[in-house]
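**Q** Got a structure for you, written out below as structure tokens; questions coming shortly.
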Amino acid sequence: MQPKGILDYVGNTPLVEISRMSPKPGVRIFAKLEGYNPTGSIKDRVAGYMIRDAEEKGILRPGQTLIEASTGNTAMALALIAKQRGYKMKAVVSTKATPGMAELLEMHDVEVIWCEPLAGMKGAIDLAKRLSQEKGWFTHCQFESQANVLAHYETTGPEILRALPEVDVFIAGIGTGGTLMGVGQRLKEHNPQVKVIGVEPRMGDPLQGLRSLEEGYIPPLLDLARLDGRFLVDSRAAFACARAVLEVEGIFAGVSSGAVLHCAQRMAERMERGNIVVIFADGGWKYLASGPWREAAQARVEHPDDMAWW
């Protein structure tokens, strides 16, 4: 058997049952463990597709510098491929990024360009675009690239269906919109009755990798009409659920994973039976520097009946 390179191990991540955390025996919850990708997140899929797309179109030149607005995972994923392809990598990151994220990026040879958080994610995106124009750097803009959606339509969605052909509900963090749009389209082609639910944090509540749409920026990739629901989760509930899945199931998942699992449990309460699939977008090791891990284990969640928009 011929040895493989690191990029050959992007995708084909495990789909595992969260067997002891469903509130109803007839409702089964499954998690796609994207932390098993080489840099530890679902963004490895997207980075590969975006770079190949730009190279095939001839808009990314050999040796060019890449710049991307990112909360961390996309920049790390791009940095992995940049090393393989001979590009340099810079990332525009909010000063309110998760503690320790800048150090992780620098370990991947990513130059961090700090951005004040007042303008939100849109401010970081605008800065990346401006620097791209001024410096001649290349930005994929993950929030606008159709390669982002295609990555999930061609890989994540089919992988889920191969492992579990009968999916009733699919839940993912809203983020760039790429996962929801790509996987959602593929699942609905297989079964139009599948419900696709997007999870976002409450207004002003920081949650790594996710942003409230109420902050004023709706990713161009996201078509709200194609969602069957939006669910709001606060950061305390997300941390508490991420901690619980580690204690109960032994799965060390990231904070946004706690948010989508919390949503899945609320959805399960409304169902008699069926299969729910959630995306665990990354692993929890990246967030060990975040104090709320311990606090979440001790605090009660104040809003168990989180608002859902239908």
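Ordered as shown in the structure tokens, chains take letters A, B, and onward, while each chain numbers its residues from 1 and ligands are numbered from 1 in the order shown.
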Can you tell me which residues surround Ala225 (chain A) at a distance of at most 12 Å, considering only C-alpha atoms, apart from same-chain residues fewer than 5 positions away, and format the answer as a VMD selection string?

**A** chain A and resid 180 to 181 184 196 to 198 230 310

**Q** What does the file look like for those residues with C-alpha atoms, as a compact mmCIF listing (two decimals), in the first residue's frame?

**A**
```
# COMPACT_ATOMS: atom_id res chain seq x y z
CA LEU A 180 -25.67 24.40 5.83
CA MET A 181 -26.11 25.22 2.15
CA GLY A 184 -28.50 20.79 3.22
CA VAL A 196 -32.12 21.86 7.94
CA ILE A 197 -31.54 23.93 11.09
CA GLY A 198 -28.96 26.70 11.54
CA ARG A 230 -32.82 29.10 13.15
CA TRP A 310 -39.43 28.95 12.39
```

**Q** Please provide the set of residues having any atom within 9 Å of region 29-36 of chain A, restricted to only C-alpha atoms, with same-chain residues fewer than 6 positions apart removed, written as a PyMOL selection string.

**A** chain A and resi 9-19+21-22+42-43+156+160+251+253-254+257+261+264-265+268+274-284

**Q** Using only C-alpha atoms, which of A:Leu224, A:Ile174, A:Ala240, A:Ala91 sits nearest Thr74 (chain A)?

**A**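 Checking each candidate against Thr74 (chain A), we get A:Ala91 as the closest.
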
**Q** Would you tabulate, counting only C-alpha atoms, all residues of region 140-236 of chain A that have an atom at most 10 Å from an atom of region 123-126 of chain A, showing the closest pair of atoms and their distance in Å to one decimal, sorted by chain then ascending number, as a tab-separated table?

**A**
```
residue	atom	partner	partner_atom	distance
A:Cys141	CA	A:Ile125	CA	7.3
A:Gln142	CA	A:Ile125	CA	9.4
A:Phe143	CA	A:Ile125	CA	8.6
A:Tyr217	CA	A:Gly123	CA	9.7
```

**Q** Tell me which protein, DNA and RNA residues are within 9 Å of region 99-108 of chain A, counting only C-alpha atoms, leaving out same-chain ones fewer than 5 positions away, and put them as a PDB file with N, CA and C atoms, in the first residue's frame.

**A**
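Now in around.pdb:
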```
ATOM      1  N   THR A  71     -11.739  33.366  12.173  1.00  0.00           N
ATOM      2  CA  THR A  71     -11.664  33.247  13.632  1.00  0.00           C
ATOM      3  C   THR A  71     -10.572  32.271  14.033  1.00  0.00           C
ATOM      4  N   GLY A  72      -9.932  31.667  13.051  1.00  0.00           N
ATOM      5  CA  GLY A  72      -8.796  30.796  13.343  1.00  0.00           C
ATOM      6  C   GLY A  72      -8.749  29.529  12.516  1.00  0.00           C
ATOM      7  N   ASN A  73      -9.839  28.776  12.464  1.00  0.00           N
ATOM      8  CA  ASN A  73      -9.816  27.469  11.810  1.00  0.00           C
ATOM      9  C   ASN A  73      -9.536  27.537  10.308  1.00  0.00           C
ATOM     10  N   ALA A  75      -7.993  29.886   8.644  1.00  0.00           N
ATOM     11  CA  ALA A  75      -6.612  30.315   8.427  1.00  0.00           C
ATOM     12  C   ALA A  75      -5.641  29.159   8.632  1.00  0.00           C
ATOM     13  N   MET A  76      -5.882  28.343   9.657  1.00  0.00           N
ATOM     14  CA  MET A  76      -5.006  27.188   9.887  1.00  0.00           C
ATOM     15  C   MET A  76      -5.114  26.181   8.750  1.00  0.00           C
ATOM     16  N   ALA A  79      -3.337  27.489   5.829  1.00  0.00           N
ATOM     17  CA  ALA A  79      -1.894  27.454   6.069  1.00  0.00           C
ATOM     18  C   ALA A  79      -1.326  26.069   5.785  1.00  0.00           C
ATOM     19  N   LEU A  80      -2.085  25.018   6.130  1.00  0.00           N
ATOM     20  CA  LEU A  80      -1.627  23.657   5.847  1.00  0.00           C
ATOM     21  C   LEU A  80      -1.398  23.461   4.354  1.00  0.00           C
ATOM     22  N   ALA A  91      -3.639  36.238   8.176  1.00  0.00           N
ATOM     23  CA  ALA A  91      -5.033  36.165   8.604  1.00  0.00           C
ATOM     24  C   ALA A  91      -5.420  37.434   9.348  1.00  0.00           C
ATOM     25  N   VAL A  93      -7.677  38.789  12.109  1.00  0.00           N
ATOM     26  CA  VAL A  93      -8.326  38.169  13.261  1.00  0.00           C
ATOM     27  C   VAL A  93      -8.763  39.244  14.244  1.00  0.00           C
ATOM     28  N   LYS A 286      -8.460  23.245  21.087  1.00  0.00           N
ATOM     29  CA  LYS A 286      -8.071  24.603  20.707  1.00  0.00           C
ATOM     30  C   LYS A 286      -8.568  25.651  21.709  1.00  0.00           C
ATOM     31  N   TYR A 287      -9.504  25.241  22.576  1.00  0.00           N
ATOM     32  CA  TYR A 287     -10.163  26.206  23.449  1.00  0.00           C
ATOM     33  C   TYR A 287      -9.827  25.994  24.917  1.00  0.00           C
ATOM     34  N   LEU A 288      -8.786  25.237  25.186  1.00  0.00           N
ATOM     35  CA  LEU A 288      -8.416  24.967  26.570  1.00  0.00           C
ATOM     36  C   LEU A 288      -8.038  26.242  27.327  1.00  0.00           C
ATOM     37  N   ALA A 289      -7.576  27.256  26.589  1.00  0.00           N
ATOM     38  CA  ALA A 289      -7.208  28.516  27.234  1.00  0.00           C
ATOM     39  C   ALA A 289      -8.417  29.352  27.601  1.00  0.00           C
ATOM     40  N   SER A 290      -9.614  28.914  27.203  1.00  0.00           N
ATOM     41  CA  SER A 290     -10.834  29.662  27.503  1.00  0.00           C
ATOM     42  C   SER A 290     -11.361  29.257  28.870  1.00  0.00           C
TER      43      SER A 290
END
```

**Q** DSSP on the backbone, then: every residue of region 78-288 of chain A marked strand (DSSP E or B), written as an MDAnalysis selection string.

**A** chainID A and resid 88:94 110:115 138 169:173 195:201 207 210 229:233 253 274:280 282:283

**Q** May I have the residues from that selection written out with N, CA and C atoms, as a CSV table (one decimal), in the first residue's frame?

**A**
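Output contents, as saved in result_39.csv:
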```csv
chain,number,residue,atom,x,y,z
A,88,LYS,N,2.4,31.9,1.0
A,88,LYS,CA,2.5,32.4,2.4
A,88,LYS,C,1.1,32.7,2.9
A,89,MET,N,0.9,32.8,4.2
A,89,MET,CA,-0.5,32.9,4.7
A,89,MET,C,-0.5,34.1,5.8
A,90,LYS,N,-1.5,34.9,5.6
A,90,LYS,CA,-1.8,36.0,6.6
A,90,LYS,C,-3.3,35.9,6.9
A,91,ALA,N,-3.6,36.2,8.2
A,91,ALA,CA,-5.0,36.2,8.6
A,91,ALA,C,-5.4,37.4,9.3
A,92,VAL,N,-6.6,38.0,9.0
A,92,VAL,CA,-7.2,39.1,9.8
A,92,VAL,C,-8.0,38.5,10.9
A,93,VAL,N,-7.7,38.8,12.1
A,93,VAL,CA,-8.3,38.2,13.3
A,93,VAL,C,-8.8,39.2,14.2
A,94,SER,N,-10.0,39.1,14.8
A,94,SER,CA,-10.5,40.0,15.8
A,94,SER,C,-9.6,39.9,17.1
A,110,VAL,N,1.4,31.5,10.2
A,110,VAL,CA,0.4,32.5,9.8
A,110,VAL,C,0.7,33.8,10.5
A,111,GLU,N,0.9,34.8,9.7
A,111,GLU,CA,1.0,36.2,10.2
A,111,GLU,C,-0.3,36.7,10.6
A,112,VAL,N,-0.5,37.1,11.8
A,112,VAL,CA,-1.8,37.6,12.3
A,112,VAL,C,-1.9,39.1,12.2
A,113,ILE,N,-2.9,39.6,11.5
A,113,ILE,CA,-3.2,41.0,11.4
A,113,ILE,C,-4.4,41.3,12.3
A,114,TRP,N,-4.2,42.0,13.3
A,114,TRP,CA,-5.3,42.2,14.3
A,114,TRP,C,-6.4,43.2,13.8
A,115,CYS,N,-7.6,43.0,14.1
A,115,CYS,CA,-8.7,43.9,13.7
A,115,CYS,C,-9.6,44.1,14.9
A,138,PHE,N,-3.8,37.6,-2.2
A,138,PHE,CA,-5.0,36.9,-2.7
A,138,PHE,C,-5.9,36.5,-1.6
A,169,VAL,N,-33.3,15.2,10.5
A,169,VAL,CA,-32.9,16.6,10.8
A,169,VAL,C,-31.4,16.8,10.7
A,170,PHE,N,-31.0,17.9,10.1
A,170,PHE,CA,-29.6,18.2,10.0
A,170,PHE,C,-29.3,19.5,10.7
A,171,ILE,N,-28.3,19.6,11.6
A,171,ILE,CA,-28.1,20.8,12.3
A,171,ILE,C,-26.6,21.2,12.2
A,172,ALA,N,-26.3,22.5,12.0
A,172,ALA,CA,-25.0,23.0,11.9
A,172,ALA,C,-25.0,24.4,12.3
A,173,GLY,N,-23.8,24.9,12.8
A,173,GLY,CA,-23.6,26.3,13.0
A,173,GLY,C,-23.7,27.1,11.7
A,195,LYS,N,-35.2,18.3,7.6
A,195,LYS,CA,-35.2,19.7,8.1
A,195,LYS,C,-33.8,20.1,8.3
A,196,VAL,N,-33.5,21.3,7.8
A,196,VAL,CA,-32.1,21.9,7.9
A,196,VAL,C,-32.2,23.0,8.9
A,197,ILE,N,-31.5,22.9,10.0
A,197,ILE,CA,-31.5,23.9,11.1
A,197,ILE,C,-30.2,24.6,11.3
A,198,GLY,N,-30.2,25.9,11.3
A,198,GLY,CA,-29.0,26.7,11.5
A,198,GLY,C,-28.9,27.2,13.0
A,199,VAL,N,-27.7,27.1,13.6
A,199,VAL,CA,-27.5,27.5,15.0
A,199,VAL,C,-26.7,28.8,15.0
A,200,GLU,N,-27.1,29.8,15.8
A,200,GLU,CA,-26.3,31.0,15.9
A,200,GLU,C,-26.3,31.4,17.4
A,201,PRO,N,-25.4,32.2,17.8
A,201,PRO,CA,-25.4,32.7,19.2
A,201,PRO,C,-26.4,33.9,19.3
A,207,LEU,N,-19.3,33.4,20.5
A,207,LEU,CA,-19.2,31.9,20.4
A,207,LEU,C,-18.3,31.6,19.2
A,210,LEU,N,-18.9,31.3,15.3
A,210,LEU,CA,-20.3,31.6,14.9
A,210,LEU,C,-20.5,33.1,15.2
A,229,GLY,N,-35.2,26.3,10.0
A,229,GLY,CA,-35.3,26.9,11.3
A,229,GLY,C,-33.9,27.5,11.7
A,230,ARG,N,-34.0,28.5,12.5
A,230,ARG,CA,-32.8,29.1,13.2
A,230,ARG,C,-33.0,29.0,14.7
A,231,PHE,N,-31.9,28.6,15.3
A,231,PHE,CA,-32.0,28.3,16.7
A,231,PHE,C,-30.9,29.2,17.4
A,232,LEU,N,-31.2,29.9,18.5
A,232,LEU,CA,-30.3,30.7,19.2
A,232,LEU,C,-29.8,30.0,20.5
A,233,VAL,N,-28.5,30.0,20.7
A,233,VAL,CA,-27.9,29.3,21.8
A,233,VAL,C,-26.9,30.3,22.5
A,253,ALA,N,-15.1,17.9,22.0
A,253,ALA,CA,-15.5,18.7,20.9
A,253,ALA,C,-15.4,20.2,21.2
A,274,GLY,N,-36.8,9.4,15.1
A,274,GLY,CA,-36.1,9.9,14.0
A,274,GLY,C,-34.6,10.0,14.2
A,275,ASN,N,-33.9,10.4,13.2
A,275,ASN,CA,-32.4,10.6,13.3
A,275,ASN,C,-32.0,12.0,13.1
A,276,ILE,N,-31.2,12.5,14.0
A,276,ILE,CA,-30.7,13.9,13.9
A,276,ILE,C,-29.2,13.8,13.7
A,277,VAL,N,-28.7,14.5,12.7
A,277,VAL,CA,-27.2,14.6,12.5
A,277,VAL,C,-26.8,16.0,12.8
A,278,VAL,N,-25.7,16.1,13.6
A,278,VAL,CA,-25.1,17.4,13.9
A,278,VAL,C,-23.7,17.4,13.4
A,279,ILE,N,-23.2,18.6,13.1
A,279,ILE,CA,-21.8,18.8,12.8
A,279,ILE,C,-21.0,19.3,14.0
A,280,PHE,N,-20.0,18.4,14.4
A,280,PHE,CA,-19.0,18.9,15.4
A,280,PHE,C,-17.9,19.4,14.6
A,282,ASP,N,-15.2,21.1,15.1
A,282,ASP,CA,-13.7,21.0,15.5
A,282,ASP,C,-13.6,20.4,16.8
A,283,GLY,N,-12.4,20.2,17.2
A,283,GLY,CA,-12.1,19.6,18.5
A,283,GLY,C,-12.0,20.6,19.6
```

**Q** So how many Å separate CA of Glu68 (chain A) and CA of Gly182 (chain A), to one decimal?

**A**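 CA of Glu68 (chain A) sits 20.8 Å away from CA of Gly182 (chain A).
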
**Q** What parts of region 48-154 of chain A does DSSP call helix (DSSP H, G or I)? I'd like the answer as an mmCIF file with C-alpha atoms, in the first residue's frame.

**A**
```
data_model
loop_
_atom_site.group_PDB
_atom_site.id
_atom_site.type_symbol
_atom_site.label_atom_id
_atom_site.label_comp_id
_atom_site.auth_asym_id
_atom_site.auth_seq_id
_atom_site.Cartn_x
_atom_site.Cartn_y
_atom_site.Cartn_z
ATOM 1 C CA GLY A 48 -8.673 22.569 -0.247
ATOM 2 C CA TYR A 49 -11.625 23.335 -2.492
ATOM 3 C CA MET A 50 -11.046 27.103 -2.444
ATOM 4 C CA ILE A 51 -7.352 26.858 -3.311
ATOM 5 C CA ARG A 52 -7.914 24.320 -6.091
ATOM 6 C CA ASP A 53 -10.733 26.453 -7.488
ATOM 7 C CA ALA A 54 -8.535 29.572 -7.556
ATOM 8 C CA GLU A 55 -5.616 27.687 -9.117
ATOM 9 C CA GLU A 56 -7.804 26.134 -11.823
ATOM 10 C CA LYS A 57 -9.265 29.547 -12.674
ATOM 11 C CA ASN A 73 -9.816 27.469 11.810
ATOM 12 C CA THR A 74 -9.966 28.569 8.165
ATOM 13 C CA ALA A 75 -6.612 30.315 8.427
ATOM 14 C CA MET A 76 -5.006 27.188 9.887
ATOM 15 C CA ALA A 77 -6.546 25.029 7.166
ATOM 16 C CA LEU A 78 -5.326 27.362 4.432
ATOM 17 C CA ALA A 79 -1.894 27.454 6.069
ATOM 18 C CA LEU A 80 -1.627 23.657 5.847
ATOM 19 C CA ILE A 81 -2.260 23.704 2.107
ATOM 20 C CA ALA A 82 -0.144 26.837 1.632
ATOM 21 C CA LYS A 83 2.848 24.891 2.980
ATOM 22 C CA GLN A 84 2.197 22.138 0.444
ATOM 23 C CA ARG A 85 1.715 24.552 -2.464
ATOM 24 C CA MET A 101 -5.744 31.135 18.871
ATOM 25 C CA ALA A 102 -3.079 33.623 17.779
ATOM 26 C CA GLU A 103 -0.348 31.334 19.126
ATOM 27 C CA LEU A 104 -1.789 28.396 17.204
ATOM 28 C CA LEU A 105 -1.865 30.437 14.004
ATOM 29 C CA GLU A 106 1.711 31.602 14.482
ATOM 30 C CA MET A 107 2.813 27.980 15.014
ATOM 31 C CA PRO A 117 -14.062 43.917 16.912
ATOM 32 C CA LEU A 118 -16.332 46.984 16.676
ATOM 33 C CA ALA A 119 -17.172 46.365 13.013
ATOM 34 C CA GLY A 120 -17.782 42.660 13.599
ATOM 35 C CA MET A 121 -16.900 40.003 11.045
ATOM 36 C CA LYS A 122 -17.715 42.345 8.185
ATOM 37 C CA GLY A 123 -14.974 44.679 9.358
ATOM 38 C CA ALA A 124 -12.424 41.855 9.237
ATOM 39 C CA ILE A 125 -13.606 40.815 5.772
ATOM 40 C CA ASP A 126 -13.408 44.398 4.470
ATOM 41 C CA LEU A 127 -9.880 44.784 5.873
ATOM 42 C CA ALA A 128 -8.754 41.532 4.214
ATOM 43 C CA LYS A 129 -10.197 42.702 0.887
ATOM 44 C CA ARG A 130 -8.558 46.129 1.176
ATOM 45 C CA LEU A 131 -5.141 44.668 2.007
ATOM 46 C CA SER A 132 -5.559 42.223 -0.870
ATOM 47 C CA GLN A 133 -6.047 45.108 -3.291
ATOM 48 C CA GLU A 134 -3.300 47.283 -1.823
ATOM 49 C CA LYS A 135 -0.630 44.598 -1.407
ATOM 50 C CA GLN A 146 -19.050 28.957 -3.965
ATOM 51 C CA ALA A 147 -16.191 26.472 -3.546
ATOM 52 C CA ASN A 148 -17.073 26.588 0.168
ATOM 53 C CA VAL A 149 -20.576 25.270 -0.566
ATOM 54 C CA LEU A 150 -19.325 22.785 -3.160
ATOM 55 C CA ALA A 151 -16.893 21.229 -0.681
ATOM 56 C CA HIS A 152 -19.779 20.218 1.553
ATOM 57 C CA TYR A 153 -22.112 19.257 -1.286
ATOM 58 C CA GLU A 154 -19.511 16.915 -2.773
#
```
